[in-house]
Every structure is written in C-alpha cells, then in structure tokens.
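*Asks:* Got a structure for you, protein-v9.cif, holding mmCIF, C-alpha atoms and all ligand atoms.
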```
data_coords
loop_
_atom_site.label_atom_id
_atom_site.label_comp_id
_atom_site.auth_asym_id
_atom_site.auth_seq_id
_atom_site.Cartn_x
_atom_site.Cartn_y
_atom_site.Cartn_z
CA MET A 58 5.11 11.38 12.98
CA ASN A 59 5.16 8.67 15.58
CA ILE A 60 8.38 6.75 14.77
CA ILE A 61 8.82 3.30 16.30
CA LYS A 62 12.09 1.41 15.82
CA MET A 63 12.06 -2.35 16.28
CA ASN A 64 14.83 -4.88 15.67
CA ASN A 65 12.81 -7.60 14.11
CA GLU A 66 10.46 -7.44 11.13
CA ASP A 67 8.25 -10.19 12.59
CA ILE A 68 7.54 -7.99 15.60
CA ILE A 69 6.83 -5.04 13.29
CA GLY A 70 4.31 -7.18 11.40
CA GLN A 71 2.61 -8.12 14.63
CA ALA A 72 2.58 -4.56 15.93
CA ALA A 73 1.04 -3.27 12.68
CA ALA A 74 -1.56 -6.05 12.74
CA VAL A 75 -2.53 -4.95 16.24
CA VAL A 76 -3.20 -1.44 14.90
CA PHE A 77 -5.55 -2.97 12.30
CA ALA A 78 -7.22 -5.18 14.91
CA ALA A 79 -7.78 -2.20 17.22
CA GLN A 80 -9.35 -0.24 14.37
CA VAL A 81 -11.71 -3.09 13.51
CA ILE A 82 -12.66 -3.71 17.13
CA LYS A 83 -13.60 -0.01 17.32
CA LYS A 84 -15.45 -0.08 13.95
CA PRO A 85 -16.11 -3.54 12.44
CA ALA A 86 -17.00 -2.16 8.99
CA SER A 87 -13.83 -0.05 8.80
CA VAL A 88 -12.59 1.14 5.43
CA LEU A 89 -9.04 -0.19 5.24
CA GLY A 90 -6.41 0.76 2.68
CA PHE A 91 -3.97 -1.98 1.71
CA ALA A 92 -0.65 -2.15 -0.11
CA THR A 93 1.13 -4.89 -2.03
CA GLY A 94 4.86 -5.63 -2.24
CA SER A 95 6.96 -7.52 0.30
CA THR A 96 6.71 -5.10 3.20
CA PRO A 97 3.14 -5.73 4.40
CA LEU A 98 3.25 -9.53 4.09
CA LEU A 99 4.14 -10.18 7.73
CA THR A 100 1.39 -7.80 8.81
CA TYR A 101 -1.13 -9.68 6.66
CA GLU A 102 0.09 -13.00 8.07
CA ALA A 103 -0.35 -11.68 11.61
CA MET A 104 -3.85 -10.35 10.81
CA VAL A 105 -4.90 -13.76 9.51
CA ALA A 106 -3.38 -15.45 12.57
CA MET A 107 -5.30 -13.11 14.88
CA GLN A 108 -8.56 -13.85 13.12
CA ASP A 109 -7.84 -17.62 13.11
CA ALA A 110 -7.17 -17.41 16.85
CA GLY A 111 -10.54 -15.73 17.39
CA ILE A 112 -8.99 -12.49 18.67
CA VAL A 113 -10.66 -10.30 16.04
CA SER A 114 -12.90 -10.66 13.00
CA PHE A 115 -12.14 -8.80 9.79
CA ASP A 116 -15.38 -10.08 8.24
CA GLU A 117 -17.03 -6.72 7.71
CA ILE A 118 -14.13 -4.63 6.46
CA ILE A 119 -14.27 -2.68 3.22
CA THR A 120 -10.96 -2.60 1.40
CA PHE A 121 -9.30 -0.27 -1.08
CA ASN A 122 -5.88 -1.08 -2.48
CA LEU A 123 -3.36 1.55 -3.39
CA ASP A 124 -2.70 0.48 -6.92
CA GLU A 125 -2.92 -1.96 -9.82
CA TYR A 126 -0.79 -2.48 -12.89
CA LEU A 127 -2.21 -1.07 -16.09
CA GLY A 128 -2.96 -3.87 -18.53
CA LEU A 129 -3.07 -6.78 -16.07
CA ASN A 130 -6.46 -8.33 -15.47
CA SER A 131 -7.40 -9.63 -12.05
CA GLU A 132 -6.64 -13.24 -13.05
CA HIS A 133 -3.03 -12.45 -14.01
CA PRO A 134 -0.71 -14.14 -11.49
CA GLN A 135 1.14 -10.84 -10.86
CA SER A 136 -1.92 -8.60 -10.68
CA TYR A 137 -2.28 -6.90 -7.34
CA TYR A 138 -5.83 -8.25 -7.14
CA ASN A 139 -4.41 -11.76 -7.27
CA PHE A 140 -1.67 -10.88 -4.77
CA MET A 141 -4.23 -9.59 -2.29
CA GLN A 142 -6.53 -12.57 -2.77
CA ARG A 143 -3.67 -15.00 -2.06
CA ASN A 144 -2.12 -13.17 0.85
CA LEU A 145 -5.05 -11.60 2.68
CA PHE A 146 -8.54 -11.60 1.23
CA LEU A 147 -9.07 -15.36 0.75
CA PRO A 148 -7.44 -16.27 4.09
CA LEU A 149 -9.68 -13.70 5.81
CA GLY A 150 -12.73 -14.91 3.86
CA LEU A 151 -13.70 -11.45 2.62
CA GLN A 152 -16.76 -10.92 0.42
CA LYS A 153 -15.90 -9.94 -3.14
CA GLU A 154 -18.21 -6.91 -3.06
CA ASN A 155 -16.23 -5.40 -0.17
CA ILE A 156 -12.92 -5.54 -2.08
CA HIS A 157 -11.79 -2.66 -4.30
CA LEU A 158 -8.75 -2.30 -6.51
CA PRO A 159 -8.43 -0.14 -9.62
CA ASN A 160 -9.37 -2.15 -12.70
CA GLY A 161 -6.15 -2.41 -14.73
CA VAL A 162 -7.96 -3.44 -17.91
CA ASN A 163 -10.67 -0.78 -18.09
CA PRO A 164 -10.26 0.45 -21.70
CA ASP A 165 -10.73 3.98 -20.32
CA PRO A 166 -8.13 4.25 -17.54
CA ILE A 167 -8.93 7.93 -16.86
CA ALA A 168 -12.59 7.07 -16.26
CA GLU A 169 -11.43 4.17 -14.07
CA CYS A 170 -9.42 6.61 -11.90
CA ALA A 171 -12.45 8.87 -11.44
CA HIS A 172 -14.63 5.87 -10.65
CA TYR A 173 -12.13 4.64 -8.03
CA ASP A 174 -12.06 8.02 -6.30
CA ALA A 175 -15.86 8.10 -6.31
CA GLU A 176 -15.97 4.64 -4.70
CA ILE A 177 -13.59 5.76 -1.94
CA GLN A 178 -15.76 8.83 -1.33
CA LYS A 179 -18.92 6.74 -1.31
CA ALA A 180 -17.39 4.47 1.36
CA GLY A 181 -16.72 7.54 3.51
CA GLY A 182 -12.96 7.74 3.00
CA ILE A 183 -10.22 5.51 4.37
CA ASP A 184 -10.05 4.91 8.13
CA LEU A 185 -6.64 3.24 8.20
CA GLN A 186 -4.08 2.93 5.41
CA ILE A 187 -0.96 0.77 5.37
CA LEU A 188 1.98 1.95 3.26
CA GLY A 189 5.39 0.71 2.20
CA ILE A 190 7.96 3.05 0.68
CA GLY A 191 9.92 2.74 -2.56
CA GLU A 192 13.71 3.07 -2.66
CA ASN A 193 13.11 6.33 -4.53
CA GLY A 194 10.70 7.63 -1.87
CA HIS A 195 7.50 6.73 -3.69
CA ILE A 196 4.29 5.86 -1.86
CA ALA A 197 1.73 3.79 -3.69
CA PHE A 198 3.01 4.35 -7.26
CA ASN A 199 3.36 8.10 -6.86
CA GLU A 200 6.83 8.47 -8.28
CA PRO A 201 9.16 11.46 -7.72
CA ALA A 202 7.71 14.37 -9.71
CA ASP A 203 7.39 18.15 -9.86
CA THR A 204 3.99 18.23 -8.15
CA PHE A 205 2.06 16.05 -5.71
CA THR A 206 -0.79 14.07 -7.29
CA GLN A 207 -4.36 14.55 -6.11
CA GLY A 208 -6.75 11.66 -6.83
CA THR A 209 -6.23 8.32 -8.52
CA THR A 210 -4.05 8.67 -11.58
CA VAL A 211 -2.20 6.77 -14.29
CA MET A 212 1.51 6.78 -13.47
CA THR A 213 4.48 5.80 -15.61
CA LEU A 214 6.84 3.79 -13.44
CA THR A 215 10.47 4.88 -13.07
CA PRO A 216 13.37 2.57 -14.00
CA SER A 217 14.09 2.19 -10.24
CA THR A 218 10.57 0.91 -9.56
CA ILE A 219 10.59 -1.36 -12.61
CA SER A 220 13.84 -2.96 -11.52
CA ALA A 221 12.64 -3.28 -7.88
CA ASN A 222 9.50 -5.07 -9.09
CA ARG A 223 11.40 -7.24 -11.57
CA ARG A 224 11.69 -9.98 -8.91
CA PHE A 225 7.99 -10.80 -9.23
CA PHE A 226 8.15 -11.38 -13.01
CA ASP A 227 9.98 -13.87 -15.24
CA ARG A 228 11.65 -11.14 -17.30
CA GLU A 229 12.17 -7.40 -16.86
CA ASP A 230 10.27 -6.85 -20.11
CA ASP A 231 7.19 -8.40 -18.47
CA VAL A 232 7.01 -5.72 -15.75
CA PRO A 233 4.21 -3.32 -16.71
CA ARG A 234 5.44 0.21 -17.38
CA GLN A 235 2.35 1.97 -16.03
CA ALA A 236 0.00 1.59 -13.08
CA LEU A 237 -3.19 3.11 -11.73
CA THR A 238 -2.39 4.57 -8.33
CA MET A 239 -4.25 6.28 -5.53
CA GLY A 240 -3.07 9.89 -5.42
CA ILE A 241 -1.18 11.66 -2.65
CA ALA A 242 -4.17 13.78 -1.61
CA THR A 243 -6.30 10.66 -1.18
CA ILE A 244 -3.60 8.96 0.89
CA MET A 245 -3.22 12.09 3.03
CA ALA A 246 -6.98 12.09 3.62
CA ALA A 247 -6.80 8.67 5.32
CA ARG A 248 -7.70 9.19 8.96
CA GLN A 249 -4.80 7.04 10.16
CA ILE A 250 -1.67 5.72 8.41
CA VAL A 251 0.83 3.01 9.26
CA LEU A 252 4.02 3.01 7.17
CA ILE A 253 6.50 0.17 7.42
CA ALA A 254 10.07 0.23 6.12
CA THR A 255 12.60 -2.53 6.61
CA GLY A 256 16.04 -3.23 5.18
CA ILE A 257 19.10 -1.16 4.34
CA ASN A 258 17.83 -0.48 0.79
CA LYS A 259 15.13 1.76 2.33
CA ALA A 260 17.48 3.74 4.63
CA GLN A 261 18.00 6.71 2.28
CA ALA A 262 14.29 6.99 1.42
CA VAL A 263 13.39 6.80 5.13
CA HIS A 264 15.91 9.52 5.92
CA ASP A 265 14.56 11.77 3.16
CA MET A 266 10.94 11.09 4.17
CA ILE A 267 11.52 12.03 7.82
CA LYS A 268 14.41 14.51 7.79
CA GLY A 269 14.31 15.97 4.30
CA PRO A 270 12.33 18.92 2.99
CA ILE A 271 8.73 18.26 1.98
CA SER A 272 8.98 17.88 -1.77
CA PRO A 273 7.26 15.95 -4.57
CA LYS A 274 10.77 14.76 -5.50
CA VAL A 275 10.38 12.54 -2.40
CA PRO A 276 6.65 11.85 -2.41
CA ALA A 277 6.71 10.20 1.05
CA SER A 278 8.01 13.46 2.59
CA ILE A 279 4.43 14.83 2.53
CA LEU A 280 3.66 12.36 5.30
CA GLN A 281 5.47 14.73 7.71
CA MET A 282 2.21 16.71 7.52
CA HIS A 283 -0.12 13.81 8.36
CA PRO A 284 -1.73 14.19 11.79
CA ALA A 285 -1.91 10.47 12.66
CA ILE A 286 0.90 8.45 11.15
CA THR A 287 2.96 5.72 12.79
CA VAL A 288 6.19 4.70 11.06
CA PHE A 289 7.59 1.28 11.97
CA LEU A 290 11.29 0.85 11.12
CA ASP A 291 13.81 -1.91 11.62
CA SER A 292 17.34 -0.89 12.56
CA ALA A 293 18.63 -1.15 8.98
CA ALA A 294 15.92 1.14 7.57
CA ALA A 295 16.49 3.57 10.48
CA SER A 296 20.27 3.54 10.13
CA MET A 297 20.59 6.95 8.42
CA LEU A 298 18.35 8.87 10.85
C1 LIG B 301 2.50 -1.37 -3.35
C2 LIG B 301 2.97 0.00 -3.34
C3 LIG B 301 4.40 0.37 -3.30
C4 LIG B 301 5.24 -0.46 -2.33
C5 LIG B 301 6.71 -0.04 -2.41
C6 LIG B 301 7.58 -0.90 -1.54
O1 LIG B 301 1.08 -1.42 -3.38
O2 LIG B 301 2.14 0.84 -3.39
O3 LIG B 301 4.52 1.73 -2.98
O4 LIG B 301 4.76 -0.26 -1.03
O5 LIG B 301 7.14 -0.12 -3.73
O6 LIG B 301 7.59 -2.22 -2.04
P1 LIG B 301 8.20 -3.41 -1.20
O7 LIG B 301 7.36 -3.58 0.01
O8 LIG B 301 8.09 -4.62 -2.09
O9 LIG B 301 9.59 -3.04 -0.87
#
```
Since I need it in another form, could you write the structure as structure tokens?
*Replies:*
Amino acid sequence: MNIIKMNNEDIIGQAAAVVFAAQVIKKPASVLGFATGSTPLLTYEAMVAMQDAGIVSFDEIITFNLDEYLGLNSEHPQSYYNFMQRNLFLPLGLQKENIHLPNGVNPDPIAECAHYDAEIQKAGGIDLQILGIGENGHIAFNEPADTFTQGTTVMTLTPSTISANRRFFDREDDVPRQALTMGIATIMAARQIVLIATGINKAQAVHDMIKGPISPKVPASILQMHPAITVFLDSAAASML
C-alpha cells in the first residue's frame, strides 16, 4: 500500500483527480470505477475543474459505479445514479451509454448482479477504481461478514451503515435496507485503486484496514493484498496509525 498523508482534504481531492487525469491521458477510453458518499466529492469537483480548464478530457471514459440501493429507481433523488449524474457525469458531459450502475429496480436482483459482472467483464475490467471506507471497514457495500464476497451481490446494510447514510434522507425509515454492490473480488481485480479516508470517524477503520489482520470482518483489510493501491489520508483519519 502506498499511503499518503495530507493535511487538507481539498489537496487530497486534487491529488486523486490527478491520478484519474493521468490514467485518462494514458488511455482515453479508460474503464473507471466510481463511488458515491461524501468522500469522493472533492475529487469529482477537481476532475470537472481540470476538464473545464482544458487540462484533460474525460469524454471517452466508461464508468462502473460500486453500488446502488435496492428499490430506488434512477430518478429517485437519493439514487446513486442521480448522485453521480449531479456530481460528475452531467458536469463532465458523459454519454449515457458509457455509464453503468446496478439497476436497483430490476425485479430479479440476482440476475441484475450477474448482468453487472458480465458488463464489467465485457468492458475489459476496471482500470482505476476510487473507494471510500465505511466506519465499520466496509468498501462499496461489502459489510463485515464471515467470508469475502466475489462478484456483484445483494447486501443487507448494517445498522452502522444505515445510520451513516441517514443524513441523505428525510427519515431513517427512508434509508433502503439493502443494496446491490460490486463484490470484493471484482474490486480487487481493478488494475489500480485509490482509497480516500478523511475525518476522525474513519480513524479506527483506517487503522484496522492497514494494521489489522486481513479478515472479512474488516472488508477493507483485503486491500493490503492489492498490488497497486494508493491510500490518501488526512491527519484525523491517520491519527491511529
Ligand atoms: C459508496 C460506497 C461506500 C462509501 C462509504 C463511505 O458508493 O461504496 O462504501 O464509500 O460508505 O461513505 P462516505 O464517503 O459518505 O463517508
């Protein structure tokens, strides 16, 4: 793991955006894996700013998101599709056919998972994946468990994740209880990974991810085995290392 500590989350966002820009300069039609949540927002802002400044063009990228809530259609204000459209895809002007998220309203979620994995395979796998980390050590929505997941799967969210995501919804009861999530094996197959963690509420998870034993109880700990991962931390998130 390449661990980079920075004081300021703005600088982390810019540094992560540079990693994406470098990837796209090398391969314009890169397959990029994106995350939702608060953590990647500054990275997305910096990517848009770089494109607006004419430094790089993300025009040709093919995107796969980590996850989508089960039961929310793409028009729902809190769907991850909508989140990505608002914060990255519309500002970058991406073509709809190059954007992929699991379909949260497919009446056959298991078939949807298999279809999503097949689409990732068809695209040639993920060149560069951005990740955040949950307070309980989850990556994507792979919650602490007895085994690591393989491909895309339906996951029941833990109370910790439901309460962390409560801030995006009017009421806790509105937070979906299940999500479709890319599996750990798929994430590990990404050729390059950037993980960002900021804030004191991530310090324990960051410690366990980097210093703890590799265990499905801390899903992010598997990343110790990834050959090309950069972890950007602010001082609060790094405070227990
Ligand atoms: C989001 C995702 C999650 C988040 C994690 C951290 O697509 O897969 O694993 O990265 O829950 O969320 P934030 O960034 O909101 O702290």
*Asks:* Give the residues close to ligand LIG 301 (chain B), within 10 Å, counting only C-alpha atoms and all ligand atoms; write them as a PyMOL selection string.
*Replies:* chain A and resi 90-98+122-126+137+140-141+187-200+217-219+221-222+224-225+236+238-239+252-256+258-259+277
*Asks:* Restricted to C-alpha atoms, what would the selected residues look like written as an mmCIF file, keeping the file's coordinate frame?
*Replies:*
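Saved result, result.cif, follows:
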```cif
data_model
loop_
_atom_site.group_PDB
_atom_site.id
_atom_site.type_symbol
_atom_site.label_atom_id
_atom_site.label_comp_id
_atom_site.auth_asym_id
_atom_site.auth_seq_id
_atom_site.Cartn_x
_atom_site.Cartn_y
_atom_site.Cartn_z
ATOM 1 C CA GLY A 90 -6.410 0.760 2.680
ATOM 2 C CA PHE A 91 -3.970 -1.980 1.710
ATOM 3 C CA ALA A 92 -0.650 -2.150 -0.110
ATOM 4 C CA THR A 93 1.130 -4.890 -2.030
ATOM 5 C CA GLY A 94 4.860 -5.630 -2.240
ATOM 6 C CA SER A 95 6.960 -7.520 0.300
ATOM 7 C CA THR A 96 6.710 -5.100 3.200
ATOM 8 C CA PRO A 97 3.140 -5.730 4.400
ATOM 9 C CA LEU A 98 3.250 -9.530 4.090
ATOM 10 C CA ASN A 122 -5.880 -1.080 -2.480
ATOM 11 C CA LEU A 123 -3.360 1.550 -3.390
ATOM 12 C CA ASP A 124 -2.700 0.480 -6.920
ATOM 13 C CA GLU A 125 -2.920 -1.960 -9.820
ATOM 14 C CA TYR A 126 -0.790 -2.480 -12.890
ATOM 15 C CA TYR A 137 -2.280 -6.900 -7.340
ATOM 16 C CA PHE A 140 -1.670 -10.880 -4.770
ATOM 17 C CA MET A 141 -4.230 -9.590 -2.290
ATOM 18 C CA ILE A 187 -0.960 0.770 5.370
ATOM 19 C CA LEU A 188 1.980 1.950 3.260
ATOM 20 C CA GLY A 189 5.390 0.710 2.200
ATOM 21 C CA ILE A 190 7.960 3.050 0.680
ATOM 22 C CA GLY A 191 9.920 2.740 -2.560
ATOM 23 C CA GLU A 192 13.710 3.070 -2.660
ATOM 24 C CA ASN A 193 13.110 6.330 -4.530
ATOM 25 C CA GLY A 194 10.700 7.630 -1.870
ATOM 26 C CA HIS A 195 7.500 6.730 -3.690
ATOM 27 C CA ILE A 196 4.290 5.860 -1.860
ATOM 28 C CA ALA A 197 1.730 3.790 -3.690
ATOM 29 C CA PHE A 198 3.010 4.350 -7.260
ATOM 30 C CA ASN A 199 3.360 8.100 -6.860
ATOM 31 C CA GLU A 200 6.830 8.470 -8.280
ATOM 32 C CA SER A 217 14.090 2.190 -10.240
ATOM 33 C CA THR A 218 10.570 0.910 -9.560
ATOM 34 C CA ILE A 219 10.590 -1.360 -12.610
ATOM 35 C CA ALA A 221 12.640 -3.280 -7.880
ATOM 36 C CA ASN A 222 9.500 -5.070 -9.090
ATOM 37 C CA ARG A 224 11.690 -9.980 -8.910
ATOM 38 C CA PHE A 225 7.990 -10.800 -9.230
ATOM 39 C CA ALA A 236 0.000 1.590 -13.080
ATOM 40 C CA THR A 238 -2.390 4.570 -8.330
ATOM 41 C CA MET A 239 -4.250 6.280 -5.530
ATOM 42 C CA LEU A 252 4.020 3.010 7.170
ATOM 43 C CA ILE A 253 6.500 0.170 7.420
ATOM 44 C CA ALA A 254 10.070 0.230 6.120
ATOM 45 C CA THR A 255 12.600 -2.530 6.610
ATOM 46 C CA GLY A 256 16.040 -3.230 5.180
ATOM 47 C CA ASN A 258 17.830 -0.480 0.790
ATOM 48 C CA LYS A 259 15.130 1.760 2.330
ATOM 49 C CA ALA A 277 6.710 10.200 1.050
#
```
*Asks:* Quick one: axis-aligned box around all listed atoms of segment 270-278 of chain A, 5 Å on every side, centre and edge lengths in Å to one decimal, written as JSON.
*Replies:*
```
{"center_x": 9.5, "center_y": 14.6, "center_z": -1.3, "size_x": 15.7, "size_y": 18.7, "size_z": 18.5}
```
*Asks:* Using all atoms listed in the file for the distances, tell me which of A:Met266, A:Ala171, A:Ile69, A:Leu237 is nearest to Leu129 of chain A.
*Replies:*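 Among A:Met266, A:Ala171, A:Ile69, A:Leu237, it is A:Leu237 that comes nearest to Leu129 of chain A.
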*Asks:* Tell me which protein, DNA and RNA residues are within 10 Å of segment 287-298 of chain A, counting only C-alpha atoms, leaving out same-chain ones fewer than 5 positions away, and put them as a ChimeraX atom specification.
*Replies:* /A:58-66,68-70,72-73,76,187-189,249-265,267-268,280
*Asks:* Those selected residues, please, written with C-alpha atoms and delivered as a PDB file, keeping the file's coordinate frame.
*Replies:*
```
ATOM      1  CA  MET A  58       5.110  11.380  12.980  1.00  0.00           C
ATOM      2  CA  ASN A  59       5.160   8.670  15.580  1.00  0.00           C
ATOM      3  CA  ILE A  60       8.380   6.750  14.770  1.00  0.00           C
ATOM      4  CA  ILE A  61       8.820   3.300  16.300  1.00  0.00           C
ATOM      5  CA  LYS A  62      12.090   1.410  15.820  1.00  0.00           C
ATOM      6  CA  MET A  63      12.060  -2.350  16.280  1.00  0.00           C
ATOM      7  CA  ASN A  64      14.830  -4.880  15.670  1.00  0.00           C
ATOM      8  CA  ASN A  65      12.810  -7.600  14.110  1.00  0.00           C
ATOM      9  CA  GLU A  66      10.460  -7.440  11.130  1.00  0.00           C
ATOM     10  CA  ILE A  68       7.540  -7.990  15.600  1.00  0.00           C
ATOM     11  CA  ILE A  69       6.830  -5.040  13.290  1.00  0.00           C
ATOM     12  CA  GLY A  70       4.310  -7.180  11.400  1.00  0.00           C
ATOM     13  CA  ALA A  72       2.580  -4.560  15.930  1.00  0.00           C
ATOM     14  CA  ALA A  73       1.040  -3.270  12.680  1.00  0.00           C
ATOM     15  CA  VAL A  76      -3.200  -1.440  14.900  1.00  0.00           C
ATOM     16  CA  ILE A 187      -0.960   0.770   5.370  1.00  0.00           C
ATOM     17  CA  LEU A 188       1.980   1.950   3.260  1.00  0.00           C
ATOM     18  CA  GLY A 189       5.390   0.710   2.200  1.00  0.00           C
ATOM     19  CA  GLN A 249      -4.800   7.040  10.160  1.00  0.00           C
ATOM     20  CA  ILE A 250      -1.670   5.720   8.410  1.00  0.00           C
ATOM     21  CA  VAL A 251       0.830   3.010   9.260  1.00  0.00           C
ATOM     22  CA  LEU A 252       4.020   3.010   7.170  1.00  0.00           C
ATOM     23  CA  ILE A 253       6.500   0.170   7.420  1.00  0.00           C
ATOM     24  CA  ALA A 254      10.070   0.230   6.120  1.00  0.00           C
ATOM     25  CA  THR A 255      12.600  -2.530   6.610  1.00  0.00           C
ATOM     26  CA  GLY A 256      16.040  -3.230   5.180  1.00  0.00           C
ATOM     27  CA  ILE A 257      19.100  -1.160   4.340  1.00  0.00           C
ATOM     28  CA  ASN A 258      17.830  -0.480   0.790  1.00  0.00           C
ATOM     29  CA  LYS A 259      15.130   1.760   2.330  1.00  0.00           C
ATOM     30  CA  ALA A 260      17.480   3.740   4.630  1.00  0.00           C
ATOM     31  CA  GLN A 261      18.000   6.710   2.280  1.00  0.00           C
ATOM     32  CA  ALA A 262      14.290   6.990   1.420  1.00  0.00           C
ATOM     33  CA  VAL A 263      13.390   6.800   5.130  1.00  0.00           C
ATOM     34  CA  HIS A 264      15.910   9.520   5.920  1.00  0.00           C
ATOM     35  CA  ASP A 265      14.560  11.770   3.160  1.00  0.00           C
ATOM     36  CA  ILE A 267      11.520  12.030   7.820  1.00  0.00           C
ATOM     37  CA  LYS A 268      14.410  14.510   7.790  1.00  0.00           C
ATOM     38  CA  LEU A 280       3.660  12.360   5.300  1.00  0.00           C
TER      39      LEU A 280
END
```
*Asks:* Between atom CA of Asp230 of chain A and atom CA of Pro166 of chain A, measure the distance and give it in Å to one decimal.
*Replies:*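 Separation between atom CA of Asp230 of chain A and atom CA of Pro166 of chain A: 21.6 Å.
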*Asks:* If we count all atoms listed in the file and set the cut-off at 7 Å, which residues sit around segment 99-109 of chain A, ignoring sequence neighbours fewer than 3 positions away in its own chain? Please answer as number ranges by chain.
*Replies:* A: 67, 70-71, 73-74, 112-114, 144-145, 148-149
*Asks:* So what do you get for atom CA of Met245 of chain A versus atom CA of Arg223 of chain A, distance-wise?
*Replies:*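 Taking atom CA of Met245 of chain A and atom CA of Arg223 of chain A, their separation equals 28.3 Å.
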*Asks:* Which value, in Å to one decimal, gives the distance between atom CA of Ile119 of chain A and atom CA of Val88 of chain A?
*Replies:*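 A separation of 4.7 Å between them.
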*Asks:* If you count only C-alpha atoms, which residues fall within 10 Å of Glu169 of chain A, apart from same-chain ones fewer than 5 positions away, as number ranges by chain?
*Replies:* A: 159-164, 174-175, 209-211, 237
*Asks:* Which of these, A:Leu147, A:Ala242, A:Leu185, A:Ala168, has the shortest distance to Lys83 of chain A once you count all atoms listed in the file?
*Replies:* A:Leu185
*Asks:* Ranking A:Leu158, A:Cys170, A:Ile183, A:Ile271 by minimum distance to Phe205 of chain A and counting only C-alpha atoms, which one comes first?
*Replies:* A:Ile271
